[in-house]
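**Q** Take this structure first; my questions come after.
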Amino acid sequence: MKIDLADLTAFLAVANAKGFREGARASGLSASGLSEAVRRLEAQVGVRLLHRTTRSVATTEAGERLRTRLGAALTEVEAALDAVNDYRGRPSGTLKLNVPISGARLILPAIVSRFLAAYPEIRLDITADDNFVNVLEAGCDAGIRYDERLEQDMIAVPIGPRIQRFAAAAAPSYLDRRGRPGHPRDLLQHDCLRLRFAGRAMPPWEFTRDDETVQIDAEGPLHVQGGAIADLLVEAAIGGSGIVYLFEDWLRPHLDSGALVPVLEPWWLAFSGPFLYYPGRRLVPEPLRAFIDFIREADQGRQ
């Protein structure tokens with residue numbers, strides 16, 4: 001049996017007030033509207049719920065039983081709706097993000113602590129994954145990816161630096177021993193420390209200068225799979241094992257300290273920064289909306 005919640009609410013207003021006019025004043029509805037709602041409800045349940053006279057209204061035995069049980073039930077409904085209103089009125093709940101390991105390492109650290117401080121009732125649940133992932137199938141609200149890997153029919157919002165670079169670097173001891181390459185093709189004669197993503201071929205190293213673009217499939221003594229252990233490549237490079245090729249920001253602390261020195265810097269490949277992407281829904285979850293607004297404000301602050 002499908003009964004309109006509004007009809008139940010109308011009955012309860014009349015039964016509690018013991019009259020249609022009184023119920024109308026208490027509920028803000030019209031007496032005629034309440035009367036029609038009660039008649040409709042009685043027709044649906046097939047039981048008289050109210051005794052009506054020209055002077056008074058009283059619940060029948062069935063009506064009183066319904067009034068008693070219904071009051072508690074509607075109180076629970078109101079409490080449930082208040083909980084939903086809390087999500088609309090103030091951002092709270094869980095925001096699930098799927099991000100590449102480079103994003104977790106280079107983009108989110110500058111954002112997460114400030115965002116959590118601004119929205120203490122939001123909990124971030126972050127999965128770092130370099131595989132191609134459908135964020136909805138993965139149970140996430142949004143993802144971070146670079147433009148060439150964005151899923152179709154998604155809304156994209158810039159997040160983090162808008163220009164990034166891949167950098168090649170090596171330890172001074174390695175360059176003293178093996179010499180410094182002057183052109184990307186010289187890397188074919190060097191020990192190159194390579195990163196391979198799970199389930200995919202090892203990507204070539206790409207360099208560009210003026211109108212010339214060069215892709216190099218160099219060999220070396222160390223290959224690692226998965227961005228999570230890219231630091232092993234960095235440590236091997238610092239130890240003099242070869243040349244490493246990663247995000248410039250990943251290598252920057254070691255370049256600044258002198259543990260690594262730039263290699264082929266005029267050839268470093270620049271590319272656009274990542275995007276937060278999410279489905280084009282009409283109602284965006286409040287935690288995600290808060291995150292979008294936060295990163296947009298941060299992006300404006302950098303301009």
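Labeling convention for the structure tokens: chains A, B, ... as they appear, residues from 1 per chain, ligands from 1 in order of appearance.
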Using DSSP secondary structure from the backbone, list all alpha helix (DSSP H) positions within stretch 25-181 of chain A, as a PyMOL selection string.

**A** chain A and resi 25-27+31-45+61-89+101-106+109-118+172-178

**Q** Quick one: residues within 10 Å of A:Ile107, only C-alpha atoms counted, chain neighbours fewer than 2 positions away excluded, as a PDB file with N, CA and C atoms, in the first residue's frame?

**A**
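Written file, part.pdb:
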```pdb
ATOM      1  N   VAL A  99      43.720   9.219  -7.147  1.00  0.00           N
ATOM      2  CA  VAL A  99      44.748  10.112  -7.679  1.00  0.00           C
ATOM      3  C   VAL A  99      45.956   9.308  -8.127  1.00  0.00           C
ATOM      4  N   PRO A 100      46.724   9.814  -9.088  1.00  0.00           N
ATOM      5  CA  PRO A 100      47.995   9.160  -9.431  1.00  0.00           C
ATOM      6  C   PRO A 100      48.989   9.347  -8.291  1.00  0.00           C
ATOM      7  N   ILE A 101      49.965   8.483  -8.250  1.00  0.00           N
ATOM      8  CA  ILE A 101      50.944   8.556  -7.169  1.00  0.00           C
ATOM      9  C   ILE A 101      51.697   9.878  -7.211  1.00  0.00           C
ATOM     10  N   SER A 102      51.960  10.375  -8.422  1.00  0.00           N
ATOM     11  CA  SER A 102      52.635  11.680  -8.520  1.00  0.00           C
ATOM     12  C   SER A 102      51.764  12.783  -7.926  1.00  0.00           C
ATOM     13  N   GLY A 103      50.442  12.681  -8.115  1.00  0.00           N
ATOM     14  CA  GLY A 103      49.542  13.676  -7.524  1.00  0.00           C
ATOM     15  C   GLY A 103      49.536  13.603  -6.009  1.00  0.00           C
ATOM     16  N   ALA A 104      49.530  12.382  -5.481  1.00  0.00           N
ATOM     17  CA  ALA A 104      49.578  12.216  -4.030  1.00  0.00           C
ATOM     18  C   ALA A 104      50.882  12.747  -3.463  1.00  0.00           C
ATOM     19  N   ARG A 105      51.937  12.641  -4.231  1.00  0.00           N
ATOM     20  CA  ARG A 105      53.254  13.075  -3.756  1.00  0.00           C
ATOM     21  C   ARG A 105      53.489  14.570  -3.963  1.00  0.00           C
ATOM     22  N   PRO A 109      49.946  17.336  -0.975  1.00  0.00           N
ATOM     23  CA  PRO A 109      50.511  17.826   0.293  1.00  0.00           C
ATOM     24  C   PRO A 109      50.306  19.314   0.534  1.00  0.00           C
ATOM     25  N   ALA A 110      50.287  20.124  -0.519  1.00  0.00           N
ATOM     26  CA  ALA A 110      50.080  21.566  -0.352  1.00  0.00           C
ATOM     27  C   ALA A 110      48.617  21.918  -0.127  1.00  0.00           C
ATOM     28  N   ILE A 111      47.728  20.934  -0.277  1.00  0.00           N
ATOM     29  CA  ILE A 111      46.285  21.197  -0.211  1.00  0.00           C
ATOM     30  C   ILE A 111      45.630  20.574   1.002  1.00  0.00           C
ATOM     31  N   VAL A 112      46.004  19.320   1.309  1.00  0.00           N
ATOM     32  CA  VAL A 112      45.223  18.508   2.251  1.00  0.00           C
ATOM     33  C   VAL A 112      45.106  19.145   3.626  1.00  0.00           C
ATOM     34  N   ILE A 144      41.988  12.661  -9.864  1.00  0.00           N
ATOM     35  CA  ILE A 144      42.964  13.624 -10.374  1.00  0.00           C
ATOM     36  C   ILE A 144      43.747  12.915 -11.470  1.00  0.00           C
ATOM     37  N   ILE A 159      43.960  21.763 -10.918  1.00  0.00           N
ATOM     38  CA  ILE A 159      44.418  21.619  -9.536  1.00  0.00           C
ATOM     39  C   ILE A 159      45.947  21.581  -9.532  1.00  0.00           C
ATOM     40  N   GLY A 160      46.551  22.358  -8.670  1.00  0.00           N
ATOM     41  CA  GLY A 160      47.999  22.377  -8.576  1.00  0.00           C
ATOM     42  C   GLY A 160      48.648  23.237  -9.644  1.00  0.00           C
ATOM     43  N   PRO A 161      49.985  23.174  -9.770  1.00  0.00           N
ATOM     44  CA  PRO A 161      50.703  23.996 -10.752  1.00  0.00           C
ATOM     45  C   PRO A 161      50.203  23.734 -12.163  1.00  0.00           C
ATOM     46  N   ASP A 249      59.538  18.480  -9.815  1.00  0.00           N
ATOM     47  CA  ASP A 249      59.237  18.749  -8.409  1.00  0.00           C
ATOM     48  C   ASP A 249      59.636  17.585  -7.510  1.00  0.00           C
ATOM     49  N   GLY A 273      49.522  20.994 -16.153  1.00  0.00           N
ATOM     50  CA  GLY A 273      49.301  20.362 -14.865  1.00  0.00           C
ATOM     51  C   GLY A 273      48.017  19.540 -14.835  1.00  0.00           C
ATOM     52  N   PRO A 274      47.760  18.861 -13.719  1.00  0.00           N
ATOM     53  CA  PRO A 274      46.640  17.927 -13.626  1.00  0.00           C
ATOM     54  C   PRO A 274      45.302  18.631 -13.381  1.00  0.00           C
TER      55      PRO A 274
END
```

**Q** Using only C-alpha atoms, which protein or nucleic acid residues come within 9 Å of A:His223? Drop anything in the same chain fewer than 3 positions from it, and give the result as a list in words.

**A**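 Neighbouring residues, sequence-local ones excluded: Cys192, Leu193, Arg194, Leu195, Arg196, Glu219, Gly220 and Leu233 of chain A.
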
**Q** Residues near A:Ser35, anyone? I mean within 9 Å using only C-alpha atoms, not counting same-chain ones fewer than 3 positions away, as a list of chain:residue names.

**A**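 The contact residues come out as A:Ala10, A:Phe11, A:Val14, A:Phe20, A:Ser30, A:Ala31, A:Ser32, A:Val38, A:Arg39, A:Arg40.
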
**Q** Any chance you could export the current selection's N, CA, C and O atoms as a PDB file, in the first residue's frame?

**A**
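Ended up saving to selection_34.pdb:
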```pdb
ATOM      1  N   ALA A  10      -0.972  15.314   7.557  1.00  0.00           N
ATOM      2  CA  ALA A  10      -2.228  16.053   7.715  1.00  0.00           C
ATOM      3  C   ALA A  10      -3.121  15.400   8.768  1.00  0.00           C
ATOM      4  O   ALA A  10      -3.698  16.086   9.624  1.00  0.00           O
ATOM      5  N   PHE A  11      -3.223  14.085   8.714  1.00  0.00           N
ATOM      6  CA  PHE A  11      -4.026  13.381   9.726  1.00  0.00           C
ATOM      7  C   PHE A  11      -3.487  13.642  11.122  1.00  0.00           C
ATOM      8  O   PHE A  11      -4.237  13.899  12.066  1.00  0.00           O
ATOM      9  N   VAL A  14      -4.446  17.087  12.458  1.00  0.00           N
ATOM     10  CA  VAL A  14      -5.855  17.173  12.875  1.00  0.00           C
ATOM     11  C   VAL A  14      -6.088  16.391  14.160  1.00  0.00           C
ATOM     12  O   VAL A  14      -6.748  16.864  15.095  1.00  0.00           O
ATOM     13  N   PHE A  20     -10.163  20.426  12.612  1.00  0.00           N
ATOM     14  CA  PHE A  20      -9.555  20.809  11.337  1.00  0.00           C
ATOM     15  C   PHE A  20      -9.058  22.253  11.365  1.00  0.00           C
ATOM     16  O   PHE A  20      -7.982  22.557  10.851  1.00  0.00           O
ATOM     17  N   SER A  30      -4.472  24.671   4.956  1.00  0.00           N
ATOM     18  CA  SER A  30      -5.885  25.049   4.996  1.00  0.00           C
ATOM     19  C   SER A  30      -6.717  23.922   5.594  1.00  0.00           C
ATOM     20  O   SER A  30      -6.360  22.740   5.475  1.00  0.00           O
ATOM     21  N   ALA A  31      -7.847  24.310   6.238  1.00  0.00           N
ATOM     22  CA  ALA A  31      -8.731  23.305   6.823  1.00  0.00           C
ATOM     23  C   ALA A  31      -9.298  22.399   5.749  1.00  0.00           C
ATOM     24  O   ALA A  31      -9.426  21.170   5.948  1.00  0.00           O
ATOM     25  N   SER A  32      -9.640  22.960   4.599  1.00  0.00           N
ATOM     26  CA  SER A  32     -10.197  22.136   3.526  1.00  0.00           C
ATOM     27  C   SER A  32      -9.158  21.163   2.987  1.00  0.00           C
ATOM     28  O   SER A  32      -9.465  20.015   2.649  1.00  0.00           O
ATOM     29  N   VAL A  38      -7.341  13.813   4.877  1.00  0.00           N
ATOM     30  CA  VAL A  38      -7.814  12.767   5.783  1.00  0.00           C
ATOM     31  C   VAL A  38      -8.779  11.836   5.060  1.00  0.00           C
ATOM     32  O   VAL A  38      -8.736  10.608   5.226  1.00  0.00           O
ATOM     33  N   ARG A  39      -9.698  12.385   4.245  1.00  0.00           N
ATOM     34  CA  ARG A  39     -10.620  11.540   3.489  1.00  0.00           C
ATOM     35  C   ARG A  39      -9.856  10.606   2.551  1.00  0.00           C
ATOM     36  O   ARG A  39     -10.204   9.434   2.407  1.00  0.00           O
ATOM     37  N   ARG A  40      -8.835  11.141   1.919  1.00  0.00           N
ATOM     38  CA  ARG A  40      -8.024  10.319   1.005  1.00  0.00           C
ATOM     39  C   ARG A  40      -7.330   9.200   1.764  1.00  0.00           C
ATOM     40  O   ARG A  40      -7.269   8.047   1.303  1.00  0.00           O
TER      41      ARG A  40
END
```

**Q** Pick out the residues sitting within 7 Å of stretch 285-290 of chain A, and hand them over as a list of chain:residue names; count only C-alpha atoms, and ignore anything fewer than 3 positions along from it in its own chain.

**A** A:Tyr87, A:Arg88, A:Pro91, A:Ser92, A:Gly93, A:Thr94, A:Leu95, A:Ile122, A:Asp293, A:Phe294

**Q** Output as an MDAnalysis selection string all residues of stretch 56-303 of chain A that backbone DSSP marks as strand (DSSP E).

**A** chainID A and resid 57:59 93:99 122:128 142:145 154:158 163:170 192:196 205:209 212:216 222:225 243:247 261:263 270:272 275:279

**Q** Give me, please, the distance in Å between atom CA of A:Val263 and atom CA of A:Pro181, quoted to one decimal.

**A**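 About the pair atom CA of A:Val263 and atom CA of A:Pro181: they are 7.2 Å apart.
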
**Q** Give me, as a PyMOL selection string, all polymer residues having an atom no more than 12 Å from A:Leu12, counting only C-alpha atoms and skipping those fewer than 5 positions away in the same chain.

**A** chain A and resi 5-7+17-20+22-24+26-27+34-35+37-38+41+49-50+58-59+63-75

**Q** Rounded to one decimal, what separation in Å do you get between atom CA of A:Phe271 and atom CA of A:Gln164?

**A**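 Computed distance, atom CA of A:Phe271 to atom CA of A:Gln164, equals 5.5 Å.
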
**Q** So the first atom is atom CA of A:Ile243 and the second is atom CA of A:Phe132; what is the distance between them in Å, to one decimal place?

**A**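 Between atom CA of A:Ile243 and atom CA of A:Phe132 the gap is 27.6 Å.
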
**Q** Find the spatial neighbours of A:Ala236, counting only C-alpha atoms, within a cut-off of 10 Å - ignore same-chain residues fewer than 6 positions away - and output them as a list of chain:residue names.

**A**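 Returned residues: A:Ala170, A:Ala171, A:Leu193, A:Pro221, A:Leu222, A:Gly242, A:Ile243, A:Val244.
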
**Q** Given the choices A:Ile295, A:Val157, A:Leu276, A:Ala270, which gets closest to A:Val135 if the distance is worked out from only C-alpha atoms?

**A**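 Nearest to A:Val135: A:Leu276.
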
**Q** Which residue gives the smallest distance to A:Phe197 among A:Glu42, A:Glu36, A:Asp4, A:Asp129, with only C-alpha atoms counted?

**A**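 Of A:Glu42, A:Glu36, A:Asp4, A:Asp129, the one nearest A:Phe197, counting only C-alpha atoms, is A:Asp129.
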